[in-house]
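Asks: Coordinates in data.cif, mmCIF, C-alpha atoms, are listed below.
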```cif
data_entry
loop_
_atom_site.group_PDB
_atom_site.id
_atom_site.type_symbol
_atom_site.label_atom_id
_atom_site.label_comp_id
_atom_site.auth_asym_id
_atom_site.auth_seq_id
_atom_site.Cartn_x
_atom_site.Cartn_y
_atom_site.Cartn_z
ATOM 1 C CA MET A 60 -17.751 3.643 -19.538
ATOM 2 C CA ALA A 61 -17.212 2.919 -23.185
ATOM 3 C CA ASP A 62 -13.833 4.629 -22.975
ATOM 4 C CA HIS A 63 -12.764 2.064 -20.404
ATOM 5 C CA ALA A 64 -13.782 -1.032 -22.273
ATOM 6 C CA ALA A 65 -10.299 -1.971 -23.435
ATOM 7 C CA PRO A 66 -8.514 -1.713 -20.055
ATOM 8 C CA ALA A 67 -11.409 -3.530 -18.384
ATOM 9 C CA GLU A 68 -10.920 -6.524 -20.640
ATOM 10 C CA VAL A 69 -7.288 -6.626 -19.658
ATOM 11 C CA HIS A 70 -7.498 -6.284 -15.886
ATOM 12 C CA HIS A 71 -10.764 -8.002 -14.997
ATOM 13 C CA HIS A 72 -8.766 -11.230 -14.668
ATOM 14 C CA VAL A 73 -6.749 -9.864 -11.752
ATOM 15 C CA ASN A 74 -7.639 -11.608 -8.496
ATOM 16 C CA TYR A 75 -7.755 -8.533 -6.276
ATOM 17 C CA VAL A 76 -8.364 -10.471 -3.078
ATOM 18 C CA ARG A 77 -5.259 -12.586 -3.753
ATOM 19 C CA ILE A 78 -3.182 -9.431 -4.300
ATOM 20 C CA TRP A 79 -4.540 -8.030 -1.021
ATOM 21 C CA GLN A 80 -3.580 -11.264 0.780
ATOM 22 C CA ILE A 81 -0.041 -11.011 -0.605
ATOM 23 C CA LEU A 82 0.132 -7.373 0.543
ATOM 24 C CA LEU A 83 -0.943 -8.372 4.058
ATOM 25 C CA ALA A 84 1.640 -11.184 4.145
ATOM 26 C CA LEU A 85 4.310 -8.664 3.112
ATOM 27 C CA LEU A 86 3.088 -6.307 5.842
ATOM 28 C CA VAL A 87 3.585 -9.044 8.451
ATOM 29 C CA VAL A 88 7.130 -9.692 7.170
ATOM 30 C CA SER A 89 7.949 -5.972 7.178
ATOM 31 C CA VAL A 90 6.895 -5.728 10.851
ATOM 32 C CA LEU A 91 8.537 -8.950 12.060
ATOM 33 C CA GLY A 92 11.754 -8.689 9.995
ATOM 34 C CA PRO A 93 13.216 -5.669 11.827
ATOM 35 C CA MET A 94 12.584 -7.398 15.188
ATOM 36 C CA ILE A 95 15.520 -9.692 14.398
ATOM 37 C CA GLY A 96 17.737 -6.650 14.932
ATOM 38 C CA ILE A 97 20.118 -7.122 11.978
ATOM 39 C CA LYS A 98 20.473 -3.880 10.018
ATOM 40 C CA ILE A 99 20.576 -5.402 6.540
ATOM 41 C CA VAL A 100 17.516 -7.554 7.323
ATOM 42 C CA THR A 101 15.704 -4.436 8.559
ATOM 43 C CA LEU A 102 16.564 -2.567 5.363
ATOM 44 C CA ILE A 103 15.379 -5.425 3.148
ATOM 45 C CA THR A 104 12.237 -6.316 5.070
ATOM 46 C CA ALA A 105 11.144 -2.739 5.763
ATOM 47 C CA PHE A 106 12.176 -0.745 2.700
ATOM 48 C CA GLY A 107 12.637 -3.509 0.106
ATOM 49 C CA ILE A 108 9.194 -4.851 0.883
ATOM 50 C CA ALA A 109 7.743 -1.315 0.768
ATOM 51 C CA VAL A 110 8.958 -1.065 -2.834
ATOM 52 C CA VAL A 111 7.396 -4.456 -3.663
ATOM 53 C CA LYS A 112 4.102 -3.476 -2.010
ATOM 54 C CA ALA A 113 4.020 -0.157 -3.900
ATOM 55 C CA TYR A 114 4.703 -2.013 -7.164
ATOM 56 C CA LEU A 115 1.867 -4.478 -6.507
ATOM 57 C CA VAL A 116 -0.592 -1.679 -5.718
ATOM 58 C CA ALA A 117 0.477 0.427 -8.747
ATOM 59 C CA LYS A 118 0.321 -2.508 -11.134
ATOM 60 C CA ASN A 119 -2.737 -4.399 -9.930
ATOM 61 C CA PHE A 120 -4.936 -1.801 -8.212
ATOM 62 C CA MET A 121 -4.035 1.343 -10.205
ATOM 63 C CA HIS A 122 -3.675 -0.716 -13.413
ATOM 64 C CA LEU A 123 -0.598 1.280 -14.356
ATOM 65 C CA ASN A 124 0.508 -1.579 -16.615
ATOM 66 C CA VAL A 125 -2.438 -1.030 -18.989
ATOM 67 C CA GLN A 126 -2.153 2.768 -19.171
ATOM 68 C CA PRO A 127 -0.545 4.428 -22.210
ATOM 69 C CA ARG A 128 3.239 4.456 -21.961
ATOM 70 C CA TYR A 129 3.375 8.251 -21.594
ATOM 71 C CA VAL A 130 1.524 8.035 -18.243
ATOM 72 C CA VAL A 131 4.473 6.063 -16.864
ATOM 73 C CA TYR A 132 6.801 8.723 -18.322
ATOM 74 C CA ILE A 133 4.828 11.523 -16.607
ATOM 75 C CA LEU A 134 5.100 9.784 -13.232
ATOM 76 C CA GLY A 135 8.703 8.792 -13.908
ATOM 77 C CA THR A 136 9.623 12.408 -14.672
ATOM 78 C CA ALA A 137 8.216 13.466 -11.297
ATOM 79 C CA LEU A 138 10.329 10.771 -9.627
ATOM 80 C CA VAL A 139 13.435 11.982 -11.478
ATOM 81 C CA PHE A 140 12.805 15.544 -10.244
ATOM 82 C CA MET A 141 12.567 14.176 -6.715
ATOM 83 C CA LEU A 142 15.922 12.433 -7.125
ATOM 84 C CA LEU A 143 17.456 15.629 -8.572
ATOM 85 C CA PHE A 144 16.231 17.515 -5.511
ATOM 86 C CA TYR A 145 17.754 14.857 -3.268
ATOM 87 C CA ALA A 146 21.085 14.859 -5.096
ATOM 88 C CA GLY A 147 21.243 18.651 -5.114
ATOM 89 C CA THR A 148 20.601 19.155 -1.413
ATOM 90 C CA ALA A 149 21.835 15.985 0.306
ATOM 91 C CA GLY A 150 25.432 17.195 0.446
ATOM 92 C CA ASP A 151 24.581 20.262 2.501
ATOM 93 C CA VAL A 152 22.130 18.463 4.736
ATOM 94 C CA MET A 153 24.097 15.293 5.445
ATOM 95 C CA LYS A 154 27.591 16.737 5.839
ATOM 96 C CA HIS A 155 28.445 18.372 9.124
ATOM 97 C CA ALA A 156 31.278 20.523 7.743
ATOM 98 C CA GLY A 157 32.682 21.828 4.463
ATOM 99 C CA ASP A 158 34.853 24.606 3.043
ATOM 100 C CA ASN A 159 34.561 27.607 5.387
ATOM 101 C CA TRP A 160 31.532 26.277 7.224
ATOM 102 C CA HIS A 161 30.516 23.786 9.844
ATOM 103 C CA LYS A 162 27.115 22.971 11.213
ATOM 104 C CA VAL A 163 26.428 24.111 14.777
ATOM 105 C CA TYR A 164 22.955 22.558 14.958
ATOM 106 C CA VAL A 165 22.519 20.113 17.821
ATOM 107 C CA GLU A 166 19.480 17.850 17.862
ATOM 108 C CA PRO A 167 17.677 18.288 21.202
ATOM 109 C CA SER A 168 15.921 15.401 22.892
ATOM 110 C CA ALA A 169 12.141 15.319 22.805
ATOM 111 C CA THR A 170 11.833 15.600 26.585
ATOM 112 C CA GLU A 171 14.106 18.656 26.711
ATOM 113 C CA ALA A 172 12.081 20.556 24.161
ATOM 114 C CA ALA A 173 8.660 19.362 25.239
ATOM 115 C CA PRO A 174 6.425 21.795 27.111
ATOM 116 C CA HIS A 175 5.893 21.033 30.795
ATOM 117 C CA HIS A 176 2.478 19.814 31.925
ATOM 118 C CA MET B 16 -25.226 17.180 -22.108
ATOM 119 C CA ARG B 17 -21.704 16.520 -20.824
ATOM 120 C CA PRO B 18 -18.954 19.054 -21.612
ATOM 121 C CA ILE B 19 -16.673 18.143 -24.503
ATOM 122 C CA ALA B 20 -13.664 18.184 -22.178
ATOM 123 C CA THR B 21 -14.977 15.192 -20.249
ATOM 124 C CA THR B 22 -15.703 13.084 -23.277
ATOM 125 C CA ARG B 23 -12.851 13.730 -25.712
ATOM 126 C CA SER B 24 -9.946 11.343 -25.792
ATOM 127 C CA ALA B 25 -7.156 12.918 -27.847
ATOM 128 C CA ALA B 26 -4.604 11.522 -25.379
ATOM 129 C CA GLY B 27 -5.888 7.976 -25.753
ATOM 130 C CA ILE B 28 -7.487 7.973 -22.312
ATOM 131 C CA PRO B 29 -10.419 9.962 -20.885
ATOM 132 C CA THR B 30 -9.504 13.527 -19.897
ATOM 133 C CA GLY B 31 -10.473 12.946 -16.267
ATOM 134 C CA LEU B 32 -8.149 9.973 -16.038
ATOM 135 C CA LEU B 33 -5.303 11.972 -17.580
ATOM 136 C CA ALA B 34 -5.967 14.770 -15.072
ATOM 137 C CA VAL B 35 -5.722 12.319 -12.177
ATOM 138 C CA TRP B 36 -2.330 11.099 -13.415
ATOM 139 C CA TRP B 37 -1.110 14.700 -13.620
ATOM 140 C CA VAL B 38 -2.331 15.354 -10.083
ATOM 141 C CA LEU B 39 -0.475 12.275 -8.891
ATOM 142 C CA ALA B 40 2.699 13.400 -10.692
ATOM 143 C CA SER B 41 2.570 16.640 -8.704
ATOM 144 C CA GLU B 42 1.860 14.683 -5.527
ATOM 145 C CA ILE B 43 4.942 12.553 -6.156
ATOM 146 C CA VAL B 44 7.044 15.725 -6.091
ATOM 147 C CA ILE B 45 5.331 16.988 -2.917
ATOM 148 C CA PHE B 46 5.574 13.758 -0.925
ATOM 149 C CA GLY B 47 8.841 12.759 -2.581
ATOM 150 C CA GLY B 48 10.445 16.032 -1.535
ATOM 151 C CA LEU B 49 9.169 15.655 2.007
ATOM 152 C CA LEU B 50 10.220 12.021 2.383
ATOM 153 C CA GLY B 51 13.535 12.666 0.609
ATOM 154 C CA SER B 52 14.272 15.442 3.111
ATOM 155 C CA TYR B 53 13.335 13.137 5.968
ATOM 156 C CA VAL B 54 15.701 10.426 4.694
ATOM 157 C CA MET B 55 18.561 12.939 4.397
ATOM 158 C CA TYR B 56 18.159 14.156 7.965
ATOM 159 C CA ARG B 57 17.535 10.672 9.305
ATOM 160 C CA LEU B 58 20.771 9.359 7.775
ATOM 161 C CA ALA B 59 22.706 12.378 9.046
ATOM 162 C CA HIS B 60 21.379 12.264 12.620
ATOM 163 C CA ASP B 61 21.762 8.992 14.459
ATOM 164 C CA ALA B 62 19.915 10.505 17.412
ATOM 165 C CA TRP B 63 16.708 10.292 15.424
ATOM 166 C CA ALA B 64 16.688 6.537 15.966
ATOM 167 C CA ALA B 65 16.061 7.169 19.657
ATOM 168 C CA GLN B 66 13.234 9.582 18.806
ATOM 169 C CA ALA B 67 11.659 7.028 16.470
ATOM 170 C CA GLU B 68 11.605 4.534 19.360
ATOM 171 C CA ALA B 69 8.643 6.489 20.718
ATOM 172 C CA THR B 70 6.436 5.757 17.702
ATOM 173 C CA ASN B 71 4.112 2.776 18.061
ATOM 174 C CA THR B 72 4.873 0.141 15.395
ATOM 175 C CA TRP B 73 1.661 -1.802 16.070
ATOM 176 C CA ILE B 74 -0.531 1.253 15.554
ATOM 177 C CA GLY B 75 1.337 2.016 12.320
ATOM 178 C CA ALA B 76 0.930 -1.596 11.201
ATOM 179 C CA PHE B 77 -2.777 -1.569 12.011
ATOM 180 C CA ASN B 78 -3.277 1.599 9.969
ATOM 181 C CA THR B 79 -1.311 0.002 7.112
ATOM 182 C CA PHE B 80 -3.710 -2.946 7.264
ATOM 183 C CA VAL B 81 -6.671 -0.539 7.210
ATOM 184 C CA LEU B 82 -5.371 1.350 4.156
ATOM 185 C CA LEU B 83 -4.451 -1.812 2.241
ATOM 186 C CA THR B 84 -7.938 -3.167 2.898
ATOM 187 C CA SER B 85 -9.559 0.107 1.859
ATOM 188 C CA SER B 86 -7.552 -0.068 -1.374
ATOM 189 C CA LEU B 87 -9.043 -3.515 -1.973
ATOM 190 C CA THR B 88 -12.603 -2.214 -1.533
ATOM 191 C CA ALA B 89 -11.774 0.768 -3.811
ATOM 192 C CA VAL B 90 -10.556 -1.466 -6.630
ATOM 193 C CA LEU B 91 -13.547 -3.795 -6.147
ATOM 194 C CA ALA B 92 -15.777 -0.700 -6.472
ATOM 195 C CA HIS B 93 -14.041 0.058 -9.763
ATOM 196 C CA GLN B 94 -14.663 -3.521 -10.880
ATOM 197 C CA ALA B 95 -18.373 -3.189 -10.032
ATOM 198 C CA ALA B 96 -18.549 0.134 -11.918
ATOM 199 C CA GLU B 97 -17.014 -1.483 -14.981
ATOM 200 C CA HIS B 98 -19.790 -4.046 -14.880
ATOM 201 C CA GLY B 99 -22.301 -1.187 -14.718
ATOM 202 C CA ASP B 100 -23.389 -2.003 -11.153
ATOM 203 C CA GLY B 101 -23.502 1.482 -9.631
ATOM 204 C CA LYS B 102 -25.174 0.395 -6.378
ATOM 205 C CA LEU B 103 -22.497 -2.202 -5.637
ATOM 206 C CA ALA B 104 -19.768 0.281 -6.588
ATOM 207 C CA ALA B 105 -21.251 2.849 -4.195
ATOM 208 C CA LYS B 106 -21.486 0.264 -1.405
ATOM 209 C CA ARG B 107 -17.817 -0.631 -1.814
ATOM 210 C CA LEU B 108 -16.829 3.029 -1.897
ATOM 211 C CA TYR B 109 -18.666 3.510 1.397
ATOM 212 C CA TYR B 110 -16.634 0.621 2.839
ATOM 213 C CA THR B 111 -13.525 2.477 1.663
ATOM 214 C CA CYS B 112 -14.753 5.596 3.466
ATOM 215 C CA ILE B 113 -15.188 3.550 6.640
ATOM 216 C CA GLY B 114 -11.543 2.538 6.245
ATOM 217 C CA ALA B 115 -10.575 6.202 5.886
ATOM 218 C CA ALA B 116 -12.537 7.107 9.009
ATOM 219 C CA THR B 117 -10.927 4.256 10.953
ATOM 220 C CA PHE B 118 -7.480 5.414 9.863
ATOM 221 C CA ILE B 119 -8.146 8.988 11.008
ATOM 222 C CA VAL B 120 -9.669 7.941 14.352
ATOM 223 C CA VAL B 121 -6.676 5.691 15.119
ATOM 224 C CA LYS B 122 -4.313 8.501 14.139
ATOM 225 C CA ALA B 123 -6.185 10.946 16.364
ATOM 226 C CA PHE B 124 -5.773 8.640 19.384
ATOM 227 C CA GLU B 125 -2.131 8.044 18.489
ATOM 228 C CA TRP B 126 -1.313 11.742 18.178
ATOM 229 C CA THR B 127 -3.236 12.598 21.363
ATOM 230 C CA THR B 128 -1.124 10.096 23.313
ATOM 231 C CA GLU B 129 2.122 11.367 21.815
ATOM 232 C CA ILE B 130 1.290 15.012 22.419
ATOM 233 C CA GLN B 131 0.288 14.236 26.008
ATOM 234 C CA HIS B 132 3.742 12.693 26.460
ATOM 235 C CA GLY B 133 5.369 15.932 25.317
ATOM 236 C CA MET B 134 6.187 14.936 21.745
ATOM 237 C CA THR B 135 4.848 17.871 19.760
ATOM 238 C CA ILE B 136 5.558 19.303 16.322
ATOM 239 C CA SER B 137 8.016 21.759 17.900
ATOM 240 C CA SER B 138 9.846 19.238 20.129
ATOM 241 C CA ASN B 139 12.642 18.705 17.592
ATOM 242 C CA THR B 140 13.198 18.181 13.880
ATOM 243 C CA PHE B 141 12.242 14.488 13.979
ATOM 244 C CA TRP B 142 8.822 15.240 15.415
ATOM 245 C CA SER B 143 8.418 18.204 13.031
ATOM 246 C CA PHE B 144 8.886 15.799 10.127
ATOM 247 C CA TYR B 145 6.696 13.173 11.782
ATOM 248 C CA TYR B 146 3.697 15.446 12.237
ATOM 249 C CA THR B 147 4.168 17.238 8.901
ATOM 250 C CA ALA B 148 4.484 14.065 6.806
ATOM 251 C CA ALA B 149 1.786 12.083 8.617
ATOM 252 C CA GLY B 150 -0.427 15.184 8.866
ATOM 253 C CA LEU B 151 -0.174 15.977 5.153
ATOM 254 C CA HIS B 152 -0.967 12.342 4.407
ATOM 255 C CA ALA B 153 -3.946 12.421 6.794
ATOM 256 C CA LEU B 154 -5.275 15.519 4.999
ATOM 257 C CA HIS B 155 -5.120 13.562 1.749
ATOM 258 C CA VAL B 156 -7.035 10.711 3.394
ATOM 259 C CA ILE B 157 -9.739 13.126 4.576
ATOM 260 C CA ALA B 158 -9.957 14.871 1.181
ATOM 261 C CA GLY B 159 -10.134 11.525 -0.622
ATOM 262 C CA ALA B 160 -12.893 10.251 1.665
ATOM 263 C CA ILE B 161 -14.992 13.407 1.166
ATOM 264 C CA LEU B 162 -14.637 13.190 -2.625
ATOM 265 C CA MET B 163 -15.452 9.495 -2.456
ATOM 266 C CA LEU B 164 -18.756 10.219 -0.698
ATOM 267 C CA PHE B 165 -19.815 12.460 -3.612
ATOM 268 C CA VAL B 166 -18.688 9.884 -6.201
ATOM 269 C CA ALA B 167 -20.511 7.119 -4.305
ATOM 270 C CA ALA B 168 -23.729 9.161 -4.125
ATOM 271 C CA ASP B 169 -23.662 9.574 -7.919
ATOM 272 C CA ALA B 170 -22.651 5.959 -8.515
ATOM 273 C CA ALA B 171 -25.582 4.705 -6.400
ATOM 274 C CA LYS B 172 -27.869 6.427 -8.943
ATOM 275 C CA GLY B 173 -25.921 4.916 -11.834
ATOM 276 C CA ARG B 174 -24.390 8.277 -12.782
ATOM 277 C CA GLU B 175 -20.760 9.141 -13.676
ATOM 278 C CA LEU B 176 -19.498 5.620 -13.036
ATOM 279 C CA HIS B 177 -16.147 6.438 -14.662
ATOM 280 C CA ARG B 178 -15.373 8.599 -11.620
ATOM 281 C CA VAL B 179 -15.209 5.468 -9.455
ATOM 282 C CA GLU B 180 -11.956 4.545 -11.199
ATOM 283 C CA LEU B 181 -10.586 8.085 -10.879
ATOM 284 C CA ILE B 182 -11.139 8.369 -7.128
ATOM 285 C CA GLY B 183 -9.833 4.802 -6.767
ATOM 286 C CA ILE B 184 -6.534 5.656 -8.461
ATOM 287 C CA TYR B 185 -6.118 8.647 -6.151
ATOM 288 C CA TRP B 186 -6.887 6.421 -3.165
ATOM 289 C CA HIS B 187 -4.307 3.814 -4.159
ATOM 290 C CA PHE B 188 -1.715 6.578 -4.400
ATOM 291 C CA VAL B 189 -2.555 7.672 -0.846
ATOM 292 C CA ASP B 190 -2.066 4.026 0.121
ATOM 293 C CA ILE B 191 1.352 3.917 -1.596
ATOM 294 C CA VAL B 192 2.494 7.052 0.242
ATOM 295 C CA TRP B 193 1.619 5.372 3.542
ATOM 296 C CA ILE B 194 3.422 2.202 2.452
ATOM 297 C CA PHE B 195 6.626 4.304 2.466
ATOM 298 C CA LEU B 196 5.767 6.427 5.502
ATOM 299 C CA PHE B 197 5.208 3.328 7.634
ATOM 300 C CA PRO B 198 8.787 1.944 7.539
ATOM 301 C CA LEU B 199 10.309 5.445 7.653
ATOM 302 C CA LEU B 200 8.426 6.614 10.757
ATOM 303 C CA TYR B 201 7.581 3.389 12.582
ATOM 304 C CA ILE B 202 10.118 0.701 11.714
ATOM 305 C CA ALA B 203 13.498 2.400 11.183
ATOM 306 C CA LYS B 204 14.441 2.696 14.866
#
```
Show me this structure written as structure tokens.

Replies:
Amino acid sequence: MADHAAPAEVHHHVNYVRIWQILLALLVVSVLGPMIGIKIVTLITAFGIAVVKAYLVAKNFMHLNVQPRYVVYILGTALVFMLLFYAGTAGDVMKHAGDNWHKVYVEPSATEAAPHH
Amino acid sequence: MRPIATTRSAAGIPTGLLAVWWVLASEIVIFGGLLGSYVMYRLAHDAWAAQAEATNTWIGAFNTFVLLTSSLTAVLAHQAAEHGDGKLAAKRLYYTCIGAATFIVVKAFEWTTEIQHGMTISSNTFWSFYYTAAGLHALHVIAGAILMLFVAADAAKGRELHRVELIGIYWHFVDIVWIFLFPLLYIAK
């Protein structure tokens, strides 16, 4: 435990229960927000709040803010690779046609494809 | 005598802690790739909104509550371990395991209902993603809970208390993955 003495001094002041309460309040907003039915509100309350919740957990529960800087770089590099993957493949996946090709895939409904009971 | 690899600190942090961060970096690529693919297909296929209507938001929200609460008990276990109280740390880790078990039981009921209504992994691409993403996450929950039981057993005897933090960090990551899965699978309808 001696190795952990320095971080412990930094993050023992965090009120974990308070952070948990904030996370639960954000959860309620993320469920109720989309019920309004406005697309931009849904995007903000569902996905914007997800980012905030993830930040709160990473910072306060994982104590990412007191780790050496290179730990953030390691995780950040993984995120960059994910974005590279997205950027490299999104064009083919999201477009329905291009030069000399067009997608013939048709999404079936769940009931059509489901096995009969 | 503990192996040198577990006690050295050339990187400025204990080797075990560094290893956990590397594991999580690889997990980011795994889950990031899966969720990134889901987002691509979801944006390209409006029909998926109708499929997502069949998922139960309240069950997803309840499981989010369970995981957030289990993250709280995990970080409180870490706090107890830092104060050298292995028994309290173990007790809080067991609470976290109860949260994991609750999550899995709820998911089992949820999946049973959906499968009985004909929504299986082979129904269409939406449900393939749904079961793959949620299933892979559930496997991580199960693996984390099993590891936590071993860590808790040691912690109760006052041994290897530094592992309480390591399993906690992994658990919080599992929580973060669900934080993103929840709006993607249950709210975006």

Asks: Of the candidates B:Leu82, B:Ala104, B:Ala25, B:Ala62, which one gets nearest to chain A if we count all atoms listed in the file?

Replies: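 Using all atoms listed in the file, the shortest distance to chain A belongs to B:Ala62.
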
Asks: Report as a PyMOL selection string the full result of the PyMOL selection byres ((chain A and resi 102-108) around 12) when it is applied to this structure.

Replies: (chain A and resi 81-101+109-115) or (chain B and resi 54+72+76+194-204)

Asks: How far is it from atom CA of A:Met121 to atom CA of B:Gly150, in Å with one decimal?

Replies: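 About the pair atom CA of A:Met121 and atom CA of B:Gly150: they are 23.8 Å apart.
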
Asks: State, in Å with one decimal place, the distance from atom CA of B:Leu176 to atom CA of B:Gly101.

Replies: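 Interatomic distance here is 6.7 Å.
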
Asks: Kindly resolve the PyMOL selection byres ((chain B) within 8 of (chain A)) on the present coordinates and return the residues as a PyMOL selection string.

Replies: chain B and resi 27-29+33+36-37+39-41+43-44+47-48+51-52+55-56+58-60+62+66+72+76+79-80+83-84+86-87+90-91+94+97+133-135+137-140+176-177+183-184+187-188+191+194-195+198+202-203

Asks: Now that the selection is made, can you save its residues with C-alpha atoms as a compact mmCIF listing (two decimals), keeping the file's coordinate frame?

Replies:
```
# COMPACT_ATOMS: atom_id res chain seq x y z
CA GLY B 27 -5.89 7.98 -25.75
CA ILE B 28 -7.49 7.97 -22.31
CA PRO B 29 -10.42 9.96 -20.88
CA LEU B 33 -5.30 11.97 -17.58
CA TRP B 36 -2.33 11.10 -13.42
CA TRP B 37 -1.11 14.70 -13.62
CA LEU B 39 -0.48 12.28 -8.89
CA ALA B 40 2.70 13.40 -10.69
CA SER B 41 2.57 16.64 -8.70
CA ILE B 43 4.94 12.55 -6.16
CA VAL B 44 7.04 15.72 -6.09
CA GLY B 47 8.84 12.76 -2.58
CA GLY B 48 10.44 16.03 -1.54
CA GLY B 51 13.54 12.67 0.61
CA SER B 52 14.27 15.44 3.11
CA MET B 55 18.56 12.94 4.40
CA TYR B 56 18.16 14.16 7.96
CA LEU B 58 20.77 9.36 7.78
CA ALA B 59 22.71 12.38 9.05
CA HIS B 60 21.38 12.26 12.62
CA ALA B 62 19.92 10.50 17.41
CA GLN B 66 13.23 9.58 18.81
CA THR B 72 4.87 0.14 15.40
CA ALA B 76 0.93 -1.60 11.20
CA THR B 79 -1.31 0.00 7.11
CA PHE B 80 -3.71 -2.95 7.26
CA LEU B 83 -4.45 -1.81 2.24
CA THR B 84 -7.94 -3.17 2.90
CA SER B 86 -7.55 -0.07 -1.37
CA LEU B 87 -9.04 -3.52 -1.97
CA VAL B 90 -10.56 -1.47 -6.63
CA LEU B 91 -13.55 -3.80 -6.15
CA GLN B 94 -14.66 -3.52 -10.88
CA GLU B 97 -17.01 -1.48 -14.98
CA GLY B 133 5.37 15.93 25.32
CA MET B 134 6.19 14.94 21.74
CA THR B 135 4.85 17.87 19.76
CA SER B 137 8.02 21.76 17.90
CA SER B 138 9.85 19.24 20.13
CA ASN B 139 12.64 18.70 17.59
CA THR B 140 13.20 18.18 13.88
CA LEU B 176 -19.50 5.62 -13.04
CA HIS B 177 -16.15 6.44 -14.66
CA GLY B 183 -9.83 4.80 -6.77
CA ILE B 184 -6.53 5.66 -8.46
CA HIS B 187 -4.31 3.81 -4.16
CA PHE B 188 -1.72 6.58 -4.40
CA ILE B 191 1.35 3.92 -1.60
CA ILE B 194 3.42 2.20 2.45
CA PHE B 195 6.63 4.30 2.47
CA PRO B 198 8.79 1.94 7.54
CA ILE B 202 10.12 0.70 11.71
CA ALA B 203 13.50 2.40 11.18
```

Asks: Could you tell me how far atom CA of B:Phe124 sits from atom CA of B:Phe141, in Å to one decimal place?

Replies: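 Atom CA of B:Phe124 lies 19.7 Å from atom CA of B:Phe141.
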
Asks: Of the candidates B:Ala69, B:Val179, B:Ile74, B:Ala153, which shows the shortest atom-to-atom distance to B:Thr111, using all atoms listed in the file?

Replies: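 Smallest distance to B:Thr111 is found for B:Val179.
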
Asks: Residues at most 12 Å from B:Cys112, counting only C-alpha atoms, excluding those fewer than 2 positions away in the same chain, as a ChimeraX atom specification?

Replies: /B:81-82,84-86,88-89,92,105-110,114-119,156-167,182-183,186

Asks: Missing atoms in stretch 84-96 of chain A should be modelled up to N, CA and C atoms and reported as a compact mmCIF listing (two decimals), keeping the file's coordinate frame.

Replies:
```txt
# COMPACT_ATOMS: atom_id res chain seq x y z
N ALA A 84 0.52 -10.30 3.77
CA ALA A 84 1.64 -11.18 4.14
C ALA A 84 2.94 -10.37 4.16
N LEU A 85 3.11 -9.50 3.16
CA LEU A 85 4.31 -8.66 3.11
C LEU A 85 4.34 -7.69 4.29
N LEU A 86 3.16 -7.22 4.69
CA LEU A 86 3.09 -6.31 5.84
C LEU A 86 3.59 -7.02 7.10
N VAL A 87 3.15 -8.26 7.27
CA VAL A 87 3.58 -9.04 8.45
C VAL A 87 5.11 -9.20 8.44
N VAL A 88 5.67 -9.52 7.28
CA VAL A 88 7.13 -9.69 7.17
C VAL A 88 7.84 -8.37 7.47
N SER A 89 7.28 -7.27 6.97
CA SER A 89 7.95 -5.97 7.18
C SER A 89 7.92 -5.54 8.64
N VAL A 90 6.95 -6.06 9.41
CA VAL A 90 6.90 -5.73 10.85
C VAL A 90 7.81 -6.67 11.64
N LEU A 91 7.77 -7.96 11.29
CA LEU A 91 8.54 -8.95 12.06
C LEU A 91 10.03 -8.93 11.71
N GLY A 92 10.36 -8.68 10.45
CA GLY A 92 11.75 -8.69 9.99
C GLY A 92 12.68 -7.82 10.84
N PRO A 93 12.34 -6.55 11.05
CA PRO A 93 13.22 -5.67 11.83
C PRO A 93 13.38 -6.10 13.28
N MET A 94 12.47 -6.95 13.79
CA MET A 94 12.58 -7.40 15.19
C MET A 94 13.80 -8.29 15.40
N ILE A 95 14.32 -8.86 14.30
CA ILE A 95 15.52 -9.69 14.40
C ILE A 95 16.71 -8.84 14.84
N GLY A 96 16.70 -7.56 14.45
CA GLY A 96 17.74 -6.65 14.93
C GLY A 96 18.98 -6.57 14.07
```
